[in-house]
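Visitor: Handing over target.cif, mmCIF, N, CA and C atoms; chains and numbers go by the auth columns.
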```cif
data_coords
loop_
_atom_site.group_PDB
_atom_site.id
_atom_site.type_symbol
_atom_site.label_atom_id
_atom_site.label_comp_id
_atom_site.label_asym_id
_atom_site.label_seq_id
_atom_site.Cartn_x
_atom_site.Cartn_y
_atom_site.Cartn_z
_atom_site.B_iso_or_equiv
_atom_site.auth_seq_id
_atom_site.auth_asym_id
ATOM 1 N N MET A 1 113.472 114.080 221.378 0.00 17 A
ATOM 2 C CA MET A 1 112.290 114.296 222.200 0.00 17 A
ATOM 3 C C MET A 1 111.267 115.163 221.465 0.00 17 A
ATOM 4 N N ILE A 2 111.795 116.191 220.776 0.00 18 A
ATOM 5 C CA ILE A 2 110.888 117.079 220.038 0.00 18 A
ATOM 6 C C ILE A 2 110.212 116.304 218.913 0.00 18 A
ATOM 7 N N ARG A 3 110.946 115.399 218.267 0.00 19 A
ATOM 8 C CA ARG A 3 110.351 114.595 217.196 0.00 19 A
ATOM 9 C C ARG A 3 109.211 113.740 217.735 0.00 19 A
ATOM 10 N N LEU A 4 109.399 113.190 218.908 0.00 20 A
ATOM 11 C CA LEU A 4 108.366 112.361 219.516 0.00 20 A
ATOM 12 C C LEU A 4 107.110 113.179 219.797 0.00 20 A
ATOM 13 N N VAL A 5 107.282 114.386 220.299 0.00 21 A
ATOM 14 C CA VAL A 5 106.141 115.262 220.594 0.00 21 A
ATOM 15 C C VAL A 5 105.415 115.632 219.301 0.00 21 A
ATOM 16 N N ILE A 6 106.160 115.981 218.273 0.00 22 A
ATOM 17 C CA ILE A 6 105.548 116.355 216.989 0.00 22 A
ATOM 18 C C ILE A 6 104.842 115.156 216.373 0.00 22 A
ATOM 19 N N LEU A 7 105.476 113.999 216.405 0.00 23 A
ATOM 20 C CA LEU A 7 104.865 112.791 215.856 0.00 23 A
ATOM 21 C C LEU A 7 103.584 112.432 216.610 0.00 23 A
ATOM 22 N N THR A 8 103.613 112.537 217.921 0.00 24 A
ATOM 23 C CA THR A 8 102.426 112.246 218.731 0.00 24 A
ATOM 24 C C THR A 8 101.299 113.222 218.393 0.00 24 A
ATOM 25 N N ALA A 9 101.630 114.493 218.250 0.00 25 A
ATOM 26 C CA ALA A 9 100.615 115.493 217.906 0.00 25 A
ATOM 27 C C ALA A 9 100.013 115.212 216.534 0.00 25 A
ATOM 28 N N LEU A 10 100.839 114.838 215.568 0.00 26 A
ATOM 29 C CA LEU A 10 100.348 114.523 214.234 0.00 26 A
ATOM 30 C C LEU A 10 99.443 113.291 214.240 0.00 26 A
ATOM 31 N N VAL A 11 99.815 112.290 215.027 0.00 27 A
ATOM 32 C CA VAL A 11 98.990 111.086 215.120 0.00 27 A
ATOM 33 C C VAL A 11 97.638 111.418 215.751 0.00 27 A
ATOM 34 N N VAL A 12 97.639 112.237 216.788 0.00 28 A
ATOM 35 C CA VAL A 12 96.383 112.612 217.442 0.00 28 A
ATOM 36 C C VAL A 12 95.495 113.415 216.487 0.00 28 A
ATOM 37 N N VAL A 13 96.074 114.346 215.769 0.00 29 A
ATOM 38 C CA VAL A 13 95.297 115.149 214.819 0.00 29 A
ATOM 39 C C VAL A 13 94.734 114.258 213.712 0.00 29 A
ATOM 40 N N ALA A 14 95.543 113.339 213.202 0.00 30 A
ATOM 41 C CA ALA A 14 95.069 112.432 212.153 0.00 30 A
ATOM 42 C C ALA A 14 93.930 111.567 212.682 0.00 30 A
ATOM 43 N N TRP A 15 94.059 111.067 213.912 0.00 31 A
ATOM 44 C CA TRP A 15 93.011 110.244 214.501 0.00 31 A
ATOM 45 C C TRP A 15 91.709 111.039 214.638 0.00 31 A
ATOM 46 N N LEU A 16 91.803 112.284 215.091 0.00 32 A
ATOM 47 C CA LEU A 16 90.608 113.113 215.226 0.00 32 A
ATOM 48 C C LEU A 16 89.958 113.395 213.869 0.00 32 A
ATOM 49 N N LEU A 17 90.779 113.605 212.855 0.00 33 A
ATOM 50 C CA LEU A 17 90.231 113.829 211.519 0.00 33 A
ATOM 51 C C LEU A 17 89.531 112.584 210.988 0.00 33 A
ATOM 52 N N ILE A 18 90.100 111.424 211.259 0.00 34 A
ATOM 53 C CA ILE A 18 89.467 110.177 210.834 0.00 34 A
ATOM 54 C C ILE A 18 88.133 109.987 211.543 0.00 34 A
ATOM 55 N N LEU A 19 88.103 110.238 212.857 0.00 35 A
ATOM 56 C CA LEU A 19 86.856 110.117 213.603 0.00 35 A
ATOM 57 C C LEU A 19 85.795 111.083 213.075 0.00 35 A
ATOM 58 N N GLN A 20 86.193 112.294 212.788 0.00 36 A
ATOM 59 C CA GLN A 20 85.264 113.292 212.257 0.00 36 A
ATOM 60 C C GLN A 20 84.732 112.858 210.894 0.00 36 A
ATOM 61 N N ALA A 21 85.592 112.298 210.058 0.00 37 A
ATOM 62 C CA ALA A 21 85.163 111.837 208.734 0.00 37 A
ATOM 63 C C ALA A 21 84.180 110.681 208.853 0.00 37 A
ATOM 64 N N VAL A 22 84.415 109.789 209.809 0.00 38 A
ATOM 65 C CA VAL A 22 83.501 108.660 210.008 0.00 38 A
ATOM 66 C C VAL A 22 82.147 109.162 210.488 0.00 38 A
ATOM 67 N N ARG A 23 82.145 110.094 211.408 0.00 39 A
ATOM 68 C CA ARG A 23 80.876 110.660 211.885 0.00 39 A
ATOM 69 C C ARG A 23 80.128 111.353 210.748 0.00 39 A
ATOM 70 N N LEU A 24 80.844 112.088 209.940 0.00 40 A
ATOM 71 C CA LEU A 24 80.225 112.783 208.813 0.00 40 A
ATOM 72 C C LEU A 24 79.678 111.783 207.795 0.00 40 A
ATOM 73 N N ALA A 25 80.391 110.699 207.582 0.00 41 A
ATOM 74 C CA ALA A 25 79.942 109.683 206.619 0.00 41 A
ATOM 75 C C ALA A 25 78.668 109.000 207.096 0.00 41 A
ATOM 76 N N LYS A 26 78.498 108.877 208.391 0.00 42 A
ATOM 77 C CA LYS A 26 77.305 108.209 208.917 0.00 42 A
ATOM 78 C C LYS A 26 76.044 109.042 208.734 0.00 42 A
ATOM 79 N N VAL A 27 76.171 110.354 208.827 0.00 43 A
ATOM 80 C CA VAL A 27 74.978 111.199 208.805 0.00 43 A
ATOM 81 C C VAL A 27 74.662 111.789 207.434 0.00 43 A
ATOM 82 N N SER A 28 75.575 111.721 206.493 0.00 44 A
ATOM 83 C CA SER A 28 75.317 112.333 205.190 0.00 44 A
ATOM 84 C C SER A 28 75.432 111.300 204.084 0.00 44 A
ATOM 85 N N THR A 29 74.833 111.645 202.968 0.00 45 A
ATOM 86 C CA THR A 29 74.956 110.772 201.809 0.00 45 A
ATOM 87 C C THR A 29 76.216 111.153 201.052 0.00 45 A
ATOM 88 N N ILE A 30 76.963 110.145 200.684 0.00 46 A
ATOM 89 C CA ILE A 30 78.249 110.373 200.033 0.00 46 A
ATOM 90 C C ILE A 30 78.197 109.815 198.615 0.00 46 A
ATOM 91 N N ASP A 31 78.724 110.563 197.686 0.00 47 A
ATOM 92 C CA ASP A 31 78.816 110.114 196.298 0.00 47 A
ATOM 93 C C ASP A 31 80.046 109.208 196.182 0.00 47 A
ATOM 94 N N TRP A 32 79.836 107.908 196.435 0.00 48 A
ATOM 95 C CA TRP A 32 80.957 106.971 196.458 0.00 48 A
ATOM 96 C C TRP A 32 81.584 106.820 195.077 0.00 48 A
ATOM 97 N N LYS A 33 80.786 106.939 194.020 0.00 49 A
ATOM 98 C CA LYS A 33 81.339 106.822 192.675 0.00 49 A
ATOM 99 C C LYS A 33 82.314 107.970 192.393 0.00 49 A
ATOM 100 N N GLY A 34 81.957 109.178 192.820 0.00 50 A
ATOM 101 C CA GLY A 34 82.837 110.322 192.632 0.00 50 A
ATOM 102 C C GLY A 34 84.124 110.187 193.430 0.00 50 A
ATOM 103 N N LEU A 35 84.007 109.686 194.660 0.00 51 A
ATOM 104 C CA LEU A 35 85.206 109.464 195.458 0.00 51 A
ATOM 105 C C LEU A 35 86.096 108.392 194.842 0.00 51 A
ATOM 106 N N ALA A 36 85.486 107.351 194.294 0.00 52 A
ATOM 107 C CA ALA A 36 86.262 106.291 193.654 0.00 52 A
ATOM 108 C C ALA A 36 86.994 106.824 192.425 0.00 52 A
ATOM 109 N N VAL A 37 86.334 107.667 191.652 0.00 53 A
ATOM 110 C CA VAL A 37 86.974 108.258 190.474 0.00 53 A
ATOM 111 C C VAL A 37 88.146 109.146 190.896 0.00 53 A
ATOM 112 N N ALA A 38 87.956 109.944 191.940 0.00 54 A
ATOM 113 C CA ALA A 38 89.024 110.815 192.421 0.00 54 A
ATOM 114 C C ALA A 38 90.205 109.989 192.927 0.00 54 A
ATOM 115 N N ALA A 39 89.930 108.935 193.703 0.00 55 A
ATOM 116 C CA ALA A 39 91.002 108.083 194.215 0.00 55 A
ATOM 117 C C ALA A 39 91.724 107.381 193.065 0.00 55 A
ATOM 118 N N GLY A 40 90.972 106.936 192.078 0.00 56 A
ATOM 119 C CA GLY A 40 91.587 106.299 190.915 0.00 56 A
ATOM 120 C C GLY A 40 92.462 107.266 190.137 0.00 56 A
ATOM 121 N N PHE A 41 92.023 108.495 190.011 0.00 57 A
ATOM 122 C CA PHE A 41 92.818 109.511 189.319 0.00 57 A
ATOM 123 C C PHE A 41 94.139 109.759 190.039 0.00 57 A
ATOM 124 N N VAL A 42 94.084 109.858 191.360 0.00 58 A
ATOM 125 C CA VAL A 42 95.297 110.078 192.143 0.00 58 A
ATOM 126 C C VAL A 42 96.222 108.872 192.034 0.00 58 A
ATOM 127 N N ALA A 43 95.654 107.663 192.124 0.00 59 A
ATOM 128 C CA ALA A 43 96.463 106.450 191.997 0.00 59 A
ATOM 129 C C ALA A 43 97.113 106.374 190.623 0.00 59 A
ATOM 130 N N LEU A 44 96.360 106.721 189.584 0.00 60 A
ATOM 131 C CA LEU A 44 96.915 106.727 188.232 0.00 60 A
ATOM 132 C C LEU A 44 98.040 107.743 188.098 0.00 60 A
ATOM 133 N N ALA A 45 97.879 108.896 188.703 0.00 61 A
ATOM 134 C CA ALA A 45 98.925 109.918 188.651 0.00 61 A
ATOM 135 C C ALA A 45 100.205 109.420 189.318 0.00 61 A
ATOM 136 N N PHE A 46 100.081 108.787 190.493 0.00 62 A
ATOM 137 C CA PHE A 46 101.266 108.250 191.158 0.00 62 A
ATOM 138 C C PHE A 46 101.902 107.135 190.330 0.00 62 A
ATOM 139 N N TYR A 47 101.072 106.273 189.731 0.00 63 A
ATOM 140 C CA TYR A 47 101.598 105.184 188.929 0.00 63 A
ATOM 141 C C TYR A 47 102.353 105.721 187.711 0.00 63 A
ATOM 142 N N LEU A 48 101.751 106.670 187.014 0.00 64 A
ATOM 143 C CA LEU A 48 102.402 107.228 185.834 0.00 64 A
ATOM 144 C C LEU A 48 103.679 107.972 186.197 0.00 64 A
ATOM 145 N N ARG A 49 103.681 108.631 187.355 0.00 65 A
ATOM 146 C CA ARG A 49 104.913 109.304 187.787 0.00 65 A
ATOM 147 C C ARG A 49 105.996 108.267 188.071 0.00 65 A
ATOM 148 N N HIS A 50 105.612 107.155 188.663 0.00 66 A
ATOM 149 C CA HIS A 50 106.574 106.104 188.976 0.00 66 A
ATOM 150 C C HIS A 50 107.129 105.474 187.684 0.00 66 A
ATOM 151 N N VAL A 51 106.244 105.233 186.711 0.00 67 A
ATOM 152 C CA VAL A 51 106.654 104.561 185.489 0.00 67 A
ATOM 153 C C VAL A 51 107.481 105.477 184.598 0.00 67 A
ATOM 154 N N THR A 52 107.032 106.717 184.433 0.00 68 A
ATOM 155 C CA THR A 52 107.696 107.615 183.477 0.00 68 A
ATOM 156 C C THR A 52 108.784 108.455 184.117 0.00 68 A
ATOM 157 N N GLY A 53 108.706 108.678 185.417 0.00 69 A
ATOM 158 C CA GLY A 53 109.692 109.520 186.083 0.00 69 A
ATOM 159 C C GLY A 53 109.456 111.001 185.879 0.00 69 A
ATOM 160 N N MET A 54 108.316 111.365 185.309 0.00 70 A
ATOM 161 C CA MET A 54 107.986 112.770 185.092 0.00 70 A
ATOM 162 C C MET A 54 106.886 113.200 186.047 0.00 70 A
ATOM 163 N N GLY A 55 106.842 114.492 186.335 0.00 71 A
ATOM 164 C CA GLY A 55 105.738 115.006 187.133 0.00 71 A
ATOM 165 C C GLY A 55 106.088 115.318 188.534 0.00 71 A
#
```
Please, can you express the file's structure as structure tokens?
Guide:
Amino acid sequence: MIRLVILTALVVVAWLLILQAVRLAKVSTIDWKGLAVAAGFVALAFYLRHVTGMG
């Protein structure tokens, strides 16, 4: 039961954060190239960790 309550709370918090991010994205200019580079860097890090087993 406690797991269900914690999971529900986490889902609600994540949903609110997503809504806030969408609202912020609508009203401000976002450097999409910078975000793409950051996401690519993180993806590369996960890939290299998976391939090499280090990190």
Visitor: Kindly provide, as JSON, the centre and edge lengths (Å, one decimal) of an axis-aligned box around all atoms of stretch 42-53 of chain A given in the file, with 6 Å on each side.
Guide:
```
{"center_x": 81.4, "center_y": 109.3, "center_z": 199.7, "size_x": 25.5, "size_y": 18.0, "size_z": 30.4}
```
Visitor: May I ask for the distance between atom CA of A:Val38 and atom C of A:Val58, given in Å to one decimal place?
Guide: 22.0 Å
Visitor: Could you state the separation of atom N of A:Lys42 and atom C of A:Ala30 in Å, given to one decimal place?
Guide: 16.2 Å
Visitor: One number please: atom CA of A:Leu35 to atom CA of A:Tyr63, in Å, one decimal.
Guide: 29.2 Å
